[in-house]
$ cat input23.csv   # CSV, C-alpha atoms
chain,number,residue,atom,x,y,z
C,1,MET,CA,-34.2,-18.8,28.8
C,2,GLY,CA,-36.4,-21.0,31.0
C,3,PRO,CA,-39.5,-22.9,29.9
C,4,ILE,CA,-41.9,-20.6,27.9
C,5,LEU,CA,-44.4,-19.1,30.3
C,6,LEU,CA,-46.3,-16.6,28.2
C,7,GLU,CA,-46.7,-17.2,24.5
C,8,GLY,CA,-48.6,-15.8,21.6
C,9,THR,CA,-48.9,-17.4,18.1
C,10,ASP,CA,-50.0,-15.4,15.0
C,11,VAL,CA,-51.8,-12.8,17.0
C,12,GLY,CA,-53.7,-10.2,15.0
C,13,LYS,CA,-56.0,-7.3,15.9
C,14,ARG,CA,-58.2,-5.2,13.7
C,15,PHE,CA,-60.3,-2.2,14.7
C,16,GLY,CA,-62.8,-1.9,12.0
C,17,GLY,CA,-60.9,-1.7,8.8
C,18,LEU,CA,-57.6,-0.8,10.6
C,19,ARG,CA,-55.2,-3.7,11.1
C,20,VAL,CA,-53.0,-2.9,14.2
C,21,LEU,CA,-51.3,-6.3,14.7
C,22,ASN,CA,-50.6,-8.9,12.1
C,23,GLY,CA,-49.2,-12.4,12.7
C,24,VAL,CA,-47.4,-11.5,15.9
C,25,SER,CA,-45.7,-14.4,17.7
C,26,PHE,CA,-43.8,-14.1,20.9
C,27,GLY,CA,-42.6,-16.0,24.0
C,28,VAL,CA,-41.5,-15.0,27.4
C,29,GLY,CA,-39.6,-17.6,29.5
C,30,GLU,CA,-39.8,-18.1,33.2
C,31,GLY,CA,-37.7,-15.5,35.0
C,32,GLU,CA,-36.8,-13.8,31.7
C,33,ILE,CA,-36.6,-10.0,31.0
C,34,VAL,CA,-37.9,-9.4,27.4
C,35,ALA,CA,-38.1,-5.9,26.0
C,36,LEU,CA,-40.7,-5.0,23.4
C,37,ILE,CA,-39.5,-2.0,21.3
C,38,GLY,CA,-40.6,-0.2,18.2
C,39,PRO,CA,-41.8,3.2,17.0
C,40,ASN,CA,-44.9,4.9,18.4
C,41,GLY,CA,-47.9,3.4,16.8
C,42,ALA,CA,-46.2,0.0,16.2
C,43,GLY,CA,-48.9,-1.9,18.2
C,44,LYS,CA,-46.9,-2.5,21.5
C,45,THR,CA,-49.6,-1.3,23.9
C,46,THR,CA,-52.3,-3.0,21.9
C,47,LEU,CA,-50.4,-6.3,22.3
C,48,PHE,CA,-50.3,-5.7,26.0
C,49,ASN,CA,-54.1,-5.0,26.0
C,50,LEU,CA,-54.7,-8.3,24.3
C,51,ILE,CA,-52.5,-10.2,26.7
C,52,SER,CA,-54.1,-8.7,29.8
C,53,GLY,CA,-57.7,-9.1,28.5
C,54,LEU,CA,-58.7,-5.5,28.0
C,55,VAL,CA,-59.5,-6.3,24.3
C,56,ARG,CA,-59.7,-9.6,22.4
C,57,PRO,CA,-57.5,-10.6,19.5
C,58,SER,CA,-59.1,-10.9,16.0
C,59,GLU,CA,-57.0,-14.0,15.4
C,60,GLY,CA,-54.3,-16.1,16.9
C,61,THR,CA,-53.8,-17.6,20.3
C,62,ILE,CA,-52.3,-16.4,23.6
C,63,ARG,CA,-51.3,-18.8,26.3
C,64,MET,CA,-50.2,-18.4,29.9
C,65,ALA,CA,-48.5,-21.6,31.0
C,66,GLU,CA,-51.1,-24.3,30.0
C,67,HIS,CA,-54.0,-21.9,29.8
C,68,GLN,CA,-55.5,-20.4,26.7
C,69,ILE,CA,-56.2,-16.8,27.8
C,70,ALA,CA,-57.3,-14.9,24.6
C,71,ALA,CA,-61.0,-15.3,25.4
C,72,LEU,CA,-60.8,-14.7,29.2
C,73,PRO,CA,-61.8,-11.5,31.1
C,74,ALA,CA,-59.0,-9.5,32.6
C,75,HIS,CA,-59.6,-10.6,36.2
C,76,ARG,CA,-59.2,-14.3,35.3
C,77,ILE,CA,-56.0,-13.6,33.4
C,78,SER,CA,-54.7,-11.7,36.4
C,79,ARG,CA,-55.5,-14.7,38.6
C,80,LEU,CA,-53.5,-17.0,36.3
C,81,GLY,CA,-50.4,-14.9,37.0
C,82,VAL,CA,-50.3,-12.0,34.6
C,83,ALA,CA,-50.1,-8.5,36.1
C,84,ARG,CA,-49.3,-5.2,34.3
C,85,THR,CA,-48.5,-1.5,34.8
C,86,PHE,CA,-49.6,1.3,32.5
C,87,GLN,CA,-47.9,4.3,30.9
C,88,THR,CA,-49.8,6.6,33.2
C,89,PRO,CA,-50.1,5.1,36.7
C,90,ARG,CA,-53.5,5.5,38.4
C,91,PRO,CA,-53.3,4.6,42.1
C,92,PHE,CA,-56.0,5.4,44.5
C,93,LEU,CA,-54.8,9.0,45.2
C,94,ASP,CA,-56.6,9.5,48.6
C,95,LEU,CA,-55.2,6.2,50.0
C,96,THR,CA,-51.7,5.8,51.4
C,97,VAL,CA,-49.0,3.9,49.6
C,98,SER,CA,-49.4,0.9,51.8
C,99,GLU,CA,-53.2,0.9,51.5
C,100,ASN,CA,-52.9,0.9,47.7
C,101,VAL,CA,-50.7,-2.3,47.9
C,102,ARG,CA,-53.0,-3.9,50.4
C,103,ILE,CA,-56.1,-3.4,48.1
C,104,ALA,CA,-54.3,-4.9,45.2
C,105,ALA,CA,-53.4,-7.9,47.3
C,106,LEU,CA,-57.1,-8.4,48.2
C,107,PHE,CA,-58.0,-9.0,44.6
C,108,SER,CA,-55.1,-11.2,43.7
C,109,GLY,CA,-56.5,-14.7,44.4
C,110,ARG,CA,-52.9,-15.8,44.6
C,111,PRO,CA,-50.3,-15.7,47.4
C,112,SER,CA,-47.9,-12.8,47.4
C,113,ALA,CA,-45.3,-11.2,49.6
C,114,PRO,CA,-46.4,-8.9,52.5
C,115,PRO,CA,-47.1,-5.3,51.4
C,116,GLY,CA,-44.1,-4.1,53.5
C,117,ALA,CA,-41.7,-6.4,51.7
C,118,LEU,CA,-43.0,-5.3,48.3
C,119,LEU,CA,-42.6,-1.7,49.2
C,120,ASP,CA,-39.1,-2.3,50.4
C,121,LEU,CA,-38.4,-4.1,47.1
C,122,VAL,CA,-39.4,-1.0,45.1
C,123,GLU,CA,-37.7,1.3,47.6
C,124,LEU,CA,-41.0,2.9,48.9
C,125,GLY,CA,-40.8,1.4,52.3
C,126,GLY,CA,-40.1,4.7,53.9
C,127,GLN,CA,-43.2,6.3,52.3
C,128,ALA,CA,-45.8,3.6,53.3
C,129,GLY,CA,-48.0,6.1,55.1
C,130,VAL,CA,-47.8,8.9,52.5
C,131,PRO,CA,-51.0,9.5,50.4
C,132,ALA,CA,-50.5,8.4,46.8
C,133,ARG,CA,-51.4,11.9,45.5
C,134,HIS,CA,-48.3,13.3,47.2
C,135,LEU,CA,-45.9,11.0,45.3
C,136,PRO,CA,-44.1,12.4,42.3
C,137,ALA,CA,-44.7,10.7,38.9
C,138,GLY,CA,-41.6,8.4,39.1
C,139,ARG,CA,-42.6,7.1,42.5
C,140,ARG,CA,-46.2,6.6,41.4
C,141,LYS,CA,-44.8,4.3,38.7
C,142,LEU,CA,-43.0,2.3,41.5
C,143,LEU,CA,-46.2,2.2,43.5
C,144,GLU,CA,-48.1,0.7,40.6
C,145,LEU,CA,-45.3,-1.8,40.2
C,146,ALA,CA,-45.7,-2.8,43.8
C,147,MET,CA,-49.4,-3.1,43.3
C,148,ALA,CA,-48.8,-5.4,40.3
C,149,LEU,CA,-46.4,-7.5,42.4
C,150,ALA,CA,-49.1,-7.8,45.1
C,151,LEU,CA,-51.2,-9.8,42.7
C,152,GLY,CA,-48.7,-12.6,43.0
C,153,PRO,CA,-47.8,-12.7,39.3
C,154,ARG,CA,-45.5,-15.0,37.4
C,155,VAL,CA,-45.1,-12.4,34.7
C,156,VAL,CA,-45.5,-8.6,34.8
C,157,LEU,CA,-46.2,-6.5,31.7
C,158,LEU,CA,-44.4,-3.1,32.1
C,159,ASP,CA,-45.6,-0.3,29.8
C,160,GLU,CA,-42.9,2.4,29.6
C,161,ILE,CA,-42.0,2.4,33.3
C,162,LEU,CA,-39.0,4.6,32.6
C,163,ALA,CA,-40.8,7.3,30.6
C,164,GLY,CA,-40.0,10.8,32.0
C,165,LEU,CA,-37.4,9.6,34.5
C,166,THR,CA,-34.0,11.2,35.0
C,167,GLY,CA,-30.8,9.3,34.3
C,168,SER,CA,-30.3,8.5,37.9
C,169,GLU,CA,-33.9,7.4,38.3
C,170,VAL,CA,-33.6,5.1,35.3
C,171,SER,CA,-30.6,3.4,36.8
C,172,ARG,CA,-32.5,3.0,40.1
C,173,VAL,CA,-35.5,1.5,38.4
C,174,THR,CA,-33.6,-0.9,36.2
C,175,ASP,CA,-31.8,-2.1,39.4
C,176,ILE,CA,-35.2,-2.8,40.9
C,177,LEU,CA,-36.3,-4.7,37.8
C,178,ARG,CA,-33.3,-7.0,38.0
C,179,ARG,CA,-34.0,-7.5,41.7
C,180,ILE,CA,-37.6,-8.5,41.0
C,181,ARG,CA,-36.4,-11.1,38.6
C,182,ASP,CA,-33.4,-12.3,40.6
C,183,THR,CA,-35.2,-12.3,44.0
C,184,TRP,CA,-38.7,-13.4,43.1
C,185,GLY,CA,-38.1,-15.2,39.8
C,186,ILE,CA,-40.8,-13.1,38.1
C,187,ALA,CA,-40.6,-12.7,34.3
C,188,LEU,CA,-40.9,-9.2,32.9
C,189,PHE,CA,-42.3,-8.3,29.4
C,190,TRP,CA,-41.3,-4.7,29.0
C,191,ILE,CA,-42.3,-2.0,26.5
C,192,GLU,CA,-39.5,0.7,26.6
C,193,HIS,CA,-38.0,3.5,24.5
C,194,VAL,CA,-35.0,4.2,26.8
C,195,MET,CA,-32.6,2.1,24.7
C,196,ARG,CA,-29.6,2.4,27.0
C,197,ALA,CA,-31.7,0.7,29.7
C,198,VAL,CA,-32.9,-2.0,27.3
C,199,MET,CA,-29.4,-2.8,26.1
C,200,GLU,CA,-28.2,-3.1,29.7
C,201,THR,CA,-31.1,-4.9,31.3
C,202,ALA,CA,-33.1,-7.1,28.8
C,203,GLU,CA,-31.9,-10.6,27.9
C,204,ARG,CA,-34.0,-10.6,24.7
C,205,VAL,CA,-35.6,-7.9,22.5
C,206,ILE,CA,-38.6,-8.1,20.2
C,207,VAL,CA,-39.1,-5.3,17.7
C,208,LEU,CA,-42.5,-4.4,16.4
C,209,HIS,CA,-43.0,-2.2,13.3
C,210,HIS,CA,-46.4,-1.5,11.7
C,211,GLY,CA,-47.9,-4.3,13.8
C,212,GLU,CA,-45.4,-7.0,12.7
C,213,VAL,CA,-42.3,-8.5,14.4
C,214,ILE,CA,-39.3,-7.4,12.3
C,215,SER,CA,-36.5,-8.7,14.6
C,216,GLU,CA,-35.9,-10.7,17.7
C,217,GLY,CA,-32.8,-11.7,19.6
C,218,ASP,CA,-30.3,-10.5,22.1
C,219,PRO,CA,-30.0,-6.7,22.5
C,220,ARG,CA,-26.7,-6.3,20.6
C,221,SER,CA,-27.7,-8.4,17.6
C,222,VAL,CA,-31.1,-6.6,17.4
C,223,ALA,CA,-29.3,-3.2,17.5
C,224,ARG,CA,-27.2,-4.2,14.5
C,225,ASP,CA,-30.2,-5.5,12.5
C,226,ALA,CA,-30.5,-3.3,9.3
C,227,ARG,CA,-34.3,-3.5,9.5
C,228,VAL,CA,-34.4,-2.2,13.0
C,229,LEU,CA,-31.9,0.6,12.2
C,230,GLN,CA,-34.0,1.8,9.4
C,231,ALA,CA,-37.4,1.5,11.2
C,232,TYR,CA,-36.5,2.7,14.6
C,233,LEU,CA,-33.1,3.0,16.1
C,234,GLY,CA,-31.3,5.1,13.5
C,235,PRO,CA,-27.7,5.0,12.3
C,236,SER,CA,-26.2,6.4,15.4
C,237,THR,CA,-27.0,3.4,17.6
C,238,PRO,CA,-23.8,1.6,18.8
$ encode --input "input23.csv" --output "structure tokens"
Amino acid sequence: MGPILLEGTDVGKRFGGLRVLNGVSFGVGEGEIVALIGPNGAGKTTLFNLISGLVRPSEGTIRMAEHQIAALPAHRISRLGVARTFQTPRPFLDLTVSENVRIAALFSGRPSAPPGALLDLVELGGQAGVPARHLPAGRRKLLELAMALALGPRVVLLDEILAGLTGSEVSRVTDILRRIRDTWGIALFWIEHVMRAVMETAERVIVLHHGEVISEGDPRSVARDARVLQAYLGPSTP
């Protein structure tokens, strides 16, 4: 793992009387692929919402490089090098694939690769002129990934980018994720339920359960952790 790029310390979030996150600490190093796993309702997307500035933490600190970001609005966090995708991608449907990426680049405030290079990276170069509404769901996810990369990020938050994909599509997208890291040096913090892909791709795994971190380590050691087996993976996990 390289130097810590994105870091949270004792992060908590309450919505009224409901505590969703409690004392969550995490770190993502430069150029690292870190998976964030756990049952539905564990607080994974809430943590991403805190990091990206959609909501503010109730306690704790979040830093991006040397910057404290917990109190910053989303656009300023983005310009410090944090980009994200969502479970359900929402591109501009009436614009072409290329136009979507160009619009994202306009708001980046940071240098990024040309839109054509980004589309080639996510294997959408041949569909640059296609309206986004004509893309199937899996390719819309890749378009949103290209839009995130157009922001010139140092770390990308990926929220279930493999959800709903076929086995061959999963392999294709995980190849793309490795390429993003290897070619561009971008760190990936990745919520995922497709455990085969996590085991094969992530360098480190953080497990959330009931809003707390219950395990962290390399994929194989996490998969053998009794707490993770009981809370999430089940006894059949190799």
$ closest_residue --input "input23.csv" --among "C:Gly27, C:Gly164, C:Gly17, C:Pro89" --to "Arg63 (chain C)" --atoms "all atoms listed in the file"
C:Gly27
$ closest_residue --input "input23.csv" --among "C:Glu200, C:Glu66, C:Glu192, C:Asp218" --to "Leu36 (chain C)" --atoms "all atoms listed in the file"
C:Glu192
$ closest_atom_pairs --input "input23.csv" --of "region 38-124 of chain C" --to "region 170-188 of chain C" --cutoff "10 Å" --atoms "all atoms listed in the file" --output "Markdown table"
| residue | atom | partner | partner_atom | distance |
| --- | --- | --- | --- | --- |
| C:Gly81 | CA | C:Ile186 | CA | 9.8 |
| C:Val82 | CA | C:Ala187 | CA | 9.7 |
| C:Ala83 | CA | C:Leu188 | CA | 9.8 |
| C:Arg84 | CA | C:Leu188 | CA | 9.4 |
| C:Ala113 | CA | C:Trp184 | CA | 9.5 |
| C:Leu118 | CA | C:Ile180 | CA | 9.6 |
| C:Leu121 | CA | C:Ile176 | CA | 7.1 |
| C:Val122 | CA | C:Ile176 | CA | 6.2 |
| C:Glu123 | CA | C:Ile176 | CA | 8.2 |
$ closest_residue --input "input23.csv" --among "C:Gly31, C:Gly16, C:Leu21, C:Ala104" --to "Gly2 (chain C)" --atoms "all atoms listed in the file"
C:Gly31
$ closest_residue --input "input23.csv" --among "C:Val155, C:Ile37, C:Ala150, C:Ala117" --to "Ser215 (chain C)" --atoms "all atoms listed in the file"
C:Ile37
$ atom_distance --input "input23.csv" --atom1 "CA of Glu144 (chain C)" --atom2 "CA of Pro73 (chain C)"
20.7 Å
$ closest_residue --input "input23.csv" --among "C:Arg102, C:Arg133, C:Arg139, C:Arg19" --to "Ile161 (chain C)" --atoms "all atoms listed in the file"
C:Arg139
$ atom_distance --input "input23.csv" --atom1 "CA of Gly8 (chain C)" --atom2 "CA of Thr61 (chain C)"
5.7 Å
$ atom_distance --input "input23.csv" --atom1 "CA of Arg227 (chain C)" --atom2 "CA of Val213 (chain C)"
10.6 Å
